[in-house]
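Undergrad: target36.txt (compact mmCIF, C-alpha atoms) pasted underneath:
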# COMPACT_ATOMS: atom_id res chain seq x y z
CA MET F 164 -17.24 74.54 -61.07
CA ARG F 165 -20.34 72.48 -61.77
CA GLN F 166 -18.15 69.41 -62.44
CA ILE F 167 -16.39 69.82 -59.09
CA GLY F 168 -19.75 69.94 -57.32
CA PHE F 169 -20.85 66.81 -59.16
CA LEU F 170 -17.67 64.96 -58.15
CA VAL F 171 -18.13 65.96 -54.51
CA VAL F 172 -21.72 64.65 -54.48
CA VAL F 173 -20.78 61.37 -56.19
CA THR F 174 -17.82 60.82 -53.84
CA ALA F 175 -19.95 61.56 -50.78
CA THR F 176 -22.66 59.16 -51.99
CA LEU F 177 -20.13 56.38 -52.53
CA LEU F 178 -18.64 56.95 -49.08
CA VAL F 179 -22.05 56.81 -47.43
CA VAL F 180 -23.01 53.60 -49.24
CA SER F 181 -19.67 51.90 -48.58
CA CYS F 182 -19.61 53.00 -44.92
CA SER F 183 -23.13 51.67 -44.41
CA GLU F 184 -22.38 48.13 -45.51
CA ALA F 185 -23.05 45.21 -43.23
CA LYS F 186 -21.37 41.82 -43.13
CA HIS F 187 -24.78 40.17 -42.87
CA PRO F 188 -28.12 40.63 -44.68
CA ILE F 189 -31.45 41.27 -42.97
CA ASP F 190 -32.41 37.63 -43.61
CA GLU F 191 -29.80 34.94 -44.31
CA GLU F 192 -31.85 33.81 -47.30
CA ALA F 193 -34.69 35.26 -49.33
CA LYS F 194 -38.09 34.82 -47.68
CA VAL F 195 -40.10 37.19 -49.88
CA LYS F 196 -40.97 36.44 -53.50
CA ILE F 197 -39.80 39.02 -56.03
CA ASP F 198 -42.13 41.92 -56.72
CA SER F 199 -42.60 42.00 -60.49
CA ARG F 200 -43.30 45.75 -60.33
CA LEU F 201 -39.57 46.25 -59.66
CA LEU F 202 -38.44 44.37 -62.76
CA GLY F 203 -37.15 46.43 -65.67
CA LYS F 204 -34.87 49.40 -66.30
CA TRP F 205 -34.88 52.34 -63.90
CA GLY F 206 -33.34 55.81 -64.16
CA ALA F 207 -32.88 58.37 -61.42
CA THR F 208 -34.91 60.99 -63.21
CA ASP F 209 -38.05 60.93 -65.29
CA LEU F 210 -36.47 60.67 -68.72
CA ARG F 211 -39.92 61.04 -70.25
CA LYS F 212 -40.22 64.62 -68.93
CA SER F 213 -36.72 66.02 -68.44
CA SER F 214 -33.29 65.78 -69.97
CA GLU F 215 -31.65 66.82 -66.70
CA LEU F 216 -30.32 64.10 -64.42
CA ILE F 217 -29.93 64.40 -60.69
CA ALA F 218 -26.29 64.76 -59.70
CA THR F 219 -25.91 61.66 -57.54
CA ASP F 220 -27.04 59.24 -60.24
CA ALA F 221 -26.39 61.18 -63.47
CA GLY F 222 -26.78 58.89 -66.43
CA VAL F 223 -27.20 55.78 -64.28
CA ILE F 224 -29.54 53.01 -65.40
CA TYR F 225 -30.41 50.16 -63.06
CA LYS F 226 -31.74 46.97 -64.63
CA LEU F 227 -33.49 44.46 -62.39
CA THR F 228 -34.30 41.04 -63.80
CA LYS F 229 -35.64 37.89 -62.20
CA GLN F 230 -32.80 35.54 -61.22
CA ASN F 231 -35.26 33.08 -59.66
CA ASP F 232 -38.51 33.29 -57.67
CA ASP F 233 -36.82 35.04 -54.74
CA ASN F 234 -33.77 36.88 -56.13
CA TYR F 235 -33.11 39.77 -58.49
CA HIS F 236 -30.14 40.12 -60.81
CA ILE F 237 -29.08 43.78 -60.70
CA VAL F 238 -26.97 45.53 -63.31
CA CYS F 239 -26.07 49.19 -62.92
CA LYS F 240 -24.39 51.10 -65.72
CA GLN F 241 -23.42 54.74 -65.71
CA GLY F 242 -23.46 56.39 -69.11
CA THR F 243 -20.47 55.36 -71.22
CA ARG F 244 -18.34 54.15 -68.30
CA LYS F 245 -17.01 50.64 -68.73
CA LYS F 246 -17.40 49.65 -65.07
CA THR F 247 -20.79 48.29 -64.20
CA LEU F 248 -22.28 46.92 -61.00
CA ASN F 249 -23.33 43.33 -61.53
CA THR F 250 -24.84 41.81 -58.42
CA THR F 251 -27.88 40.23 -56.80
CA GLY F 252 -30.48 41.28 -54.28
CA TYR F 253 -33.58 40.05 -52.51
CA LEU F 254 -36.43 41.50 -50.50
CA SER F 255 -37.03 41.45 -46.76
CA VAL F 256 -39.99 42.78 -44.80
CA ILE F 257 -39.72 44.38 -41.36
CA ASP F 258 -43.01 45.49 -39.76
CA SER F 259 -44.57 45.87 -43.25
CA ALA F 260 -41.64 47.99 -44.49
CA LEU F 261 -40.00 46.61 -47.63
CA PHE F 262 -36.20 46.45 -47.94
CA MET F 263 -33.84 45.14 -50.59
CA ASN F 264 -30.67 43.38 -49.44
CA VAL F 265 -28.07 44.13 -52.13
CA LEU F 266 -24.83 42.17 -52.22
CA ALA F 267 -21.96 44.63 -52.66
CA ASP F 268 -20.06 43.71 -55.81
CA ASP F 269 -16.58 44.45 -54.47
CA THR F 270 -16.88 43.05 -50.93
CA ASP F 271 -18.73 40.27 -49.19
CA GLY F 272 -21.00 42.80 -47.52
CA TYR F 273 -24.54 44.00 -48.03
CA PHE F 274 -26.16 47.37 -48.26
CA PHE F 275 -29.85 48.02 -47.76
CA ILE F 276 -32.40 50.02 -49.66
CA ARG F 277 -35.78 50.80 -48.13
CA ILE F 278 -38.47 50.81 -50.79
CA LEU F 279 -40.80 53.58 -49.66
CA SER F 280 -43.30 53.33 -52.50
CA ILE F 281 -43.92 51.61 -55.81
CA ASN F 282 -46.29 53.27 -58.24
CA ALA F 283 -46.66 50.81 -61.12
CA LYS F 284 -49.15 53.03 -62.95
CA GLU F 285 -46.70 55.95 -63.13
CA GLY F 286 -43.63 53.72 -63.35
CA LYS F 287 -42.08 55.31 -60.27
CA VAL F 288 -40.27 53.91 -57.22
CA ILE F 289 -39.11 55.94 -54.20
CA VAL F 290 -36.24 54.50 -52.15
CA ALA F 291 -33.88 55.47 -49.33
CA ASN F 292 -30.47 54.03 -48.43
CA ILE F 293 -29.73 53.01 -44.87
CA ALA F 294 -26.92 55.27 -43.67
CA ASP F 295 -25.96 53.71 -40.33
CA THR F 296 -22.16 53.46 -40.35
CA THR F 297 -22.19 50.95 -37.48
CA MET F 298 -23.90 48.23 -39.57
CA MET F 299 -20.49 46.67 -40.32
CA LEU F 300 -20.03 45.93 -36.60
CA LEU F 301 -23.08 43.68 -36.38
CA THR F 302 -22.29 39.97 -36.18
CA SER F 303 -25.49 38.31 -37.43
CA ALA F 304 -28.56 38.76 -39.60
CA ALA F 305 -30.63 38.83 -36.40
CA GLN F 306 -28.66 41.86 -35.17
CA VAL F 307 -29.09 43.60 -38.54
CA ARG F 308 -32.84 43.00 -38.41
CA GLU F 309 -32.99 44.24 -34.80
CA ARG F 310 -31.04 47.45 -35.61
CA ILE F 311 -33.26 48.26 -38.58
CA THR F 312 -36.43 47.46 -36.60
CA LYS F 313 -35.38 49.87 -33.84
CA ASN F 314 -34.72 52.63 -36.39
CA LEU F 315 -37.62 52.18 -38.84
CA SER F 316 -39.08 55.60 -38.03
CA ASN F 317 -35.78 57.41 -37.43
CA PRO F 318 -35.16 59.77 -40.38
CA LEU F 319 -31.45 60.04 -39.47
CA PHE F 320 -31.09 56.29 -40.13
CA TYR F 321 -31.68 56.89 -43.86
CA LYS F 322 -29.84 58.90 -46.49
CA ASP F 323 -30.22 59.73 -50.16
CA THR F 324 -33.94 59.35 -50.72
CA ALA F 325 -34.41 59.16 -54.49
CA GLU F 326 -37.09 58.71 -57.10
CA PHE F 327 -36.54 56.28 -59.94
CA TYR F 328 -38.56 56.11 -63.12
CA ARG F 329 -39.07 53.22 -65.50
CA VAL F 330 -36.96 53.60 -68.64
CA LYS F 331 -38.05 51.95 -71.87
Hey, can you dump this file as structure tokens for me?
TA:
Amino acid sequence: MRQIGFLVVVTATLLVVSCSEAKHPIDEEAKVKIDSRLLGKWGATDLRKSSELIATDAGVIYKLTKQNDDNYHIVCKQGTRKKTLNTTGYLSVIDSALFMNVLADDTDGYFFIRILSINAKEGKVIVANIADTTMMLLTSAAQVRERITKNLSNPLFYKDTAEFYRVK
């Protein structure tokens, strides 16, 4: 029964992320230098304090490395699964809110992660995915930026807020 619940959560998460893709990024090219506090390996639970993993990202490790001054190389691996996400991303700022544009690895689209907080001292990052299913209908980066700007404070615009902890 627990495995069925896990599969439902994972499937729902994948549907939300894939339905929230956009054809265009927030900015056509990176305008914000990488934030070195985001570099490294990240897990969806504090592996220093608990052996339990949250259901949506069980066993997932995200590794962010510097591709160049403006872009991250992102590798995501889930436990012993052979399939990994191998993609790139870069930061954008909208009214002082920090977002990562992530190139989807299986399409030419983008999905967006709002970085709510970075606590370098504790090795913790809190993020939220944009969950607007109409993002795919937008025809330019300017429209993407405008849609996000209009919804910055709308809690229904975001989904799957999660805490990630630095993994050594």
Undergrad: Would you please work out which residue, of F:Leu261, F:Leu202, F:Ile281, F:Ile224, is nearest to His236 of chain F when using all atoms listed in the file?
TA: F:Leu202
Undergrad: Counting all atoms listed in the file, figure out which residue out of F:Asp268, F:Asp198, F:Asp295, F:Asp190 gets nearest to Asn249 of chain F.
TA: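 Nearest to Asn249 of chain F: F:Asp268.
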Undergrad: Given the choices F:Thr302, F:Lys196, F:Lys226, F:Val307, which gets closest to Phe275 of chain F if the distance is worked out from only C-alpha atoms?
TA: F:Val307
Undergrad: Mind pulling up the distance from atom CA of Ala325 of chain F to atom CA of Arg277 of chain F?
TA: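 Distance between the two atoms: 10.6 Å.
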Undergrad: Rounded to one decimal, what separation in Å do you get between atom CA of Val290 of chain F and atom CA of Thr324 of chain F?
TA: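 Answer for the atom CA of Val290 of chain F to atom CA of Thr324 of chain F separation: 5.6 Å.
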Undergrad: Just the number, please: distance in Å from atom CA of Ile289 of chain F to atom CA of Gln230 of chain F, one decimal.
TA: 22.5 Å
Undergrad: Please determine, counting only C-alpha atoms, which residue among F:Ile237, F:Met263, F:Ala207, F:Leu319 has the shortest atom-to-atom distance to Leu279 of chain F.
TA: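 Of all the options, F:Met263 lies closest to Leu279 of chain F.
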Undergrad: My list of candidates is F:Thr296, F:Thr251, F:Ser280, F:Ser303. Which is closest to Phe320 of chain F when distances are computed with only C-alpha atoms?
TA: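 Smallest distance to Phe320 of chain F is found for F:Thr296.
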Undergrad: Got a sec: who's within 12 Å of Met299 of chain F, counting all atoms listed in the file, leaving out chain neighbours fewer than 6 positions off, as a PyMOL selection string?
TA: chain F and resi 180-188+270-274+306-307+310
Undergrad: Using only C-alpha atoms, give me every residue within 10 Å of (-30.9, 35.1, -43.9) in file coordinates, as a list in words.
TA: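 Residues found, by chain and rising number: His187, Pro188, Ile189, Asp190, Glu191, Glu192, Ala193, Lys194, Ser255, Asn264, Ser303, Ala304, Ala305 and Arg308 of chain F.
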Undergrad: Out of F:Val256, F:Cys239, F:Val330, F:Val195, which residue has the shortest atom-to-atom distance to Val288 of chain F when counting all atoms listed in the file?
TA: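 Nearest to Val288 of chain F: F:Val330.
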Undergrad: Report as number ranges by chain all protein, DNA and RNA residues lying within 7 Å of Arg329 of chain F, evaluated on only C-alpha atoms, omitting residues in the same chain fewer than 4 positions from it.
TA: F: 204-206, 286-287
Undergrad: Next, the residues of the selection above should be written as a JSON list (two decimals), in the frame of the given file with C-alpha atoms.
TA:
[["chain", "number", "residue", "atom", "x", "y", "z"],
["F", 204, "LYS", "CA", -34.87, 49.40, -66.30],
["F", 205, "TRP", "CA", -34.88, 52.34, -63.90],
["F", 206, "GLY", "CA", -33.34, 55.81, -64.16],
["F", 286, "GLY", "CA", -43.63, 53.72, -63.35],
["F", 287, "LYS", "CA", -42.08, 55.31, -60.27]]
Undergrad: Which residues are near Lys322 of chain F? Cut-off 7 Å, all atoms listed in the file, ignore same chain within fewer than 5 positions. Put them as a list in words.
TA: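 Neighbouring residues, sequence-local ones excluded: Ala291, Asn292, Ile293 and Ala294 of chain F.
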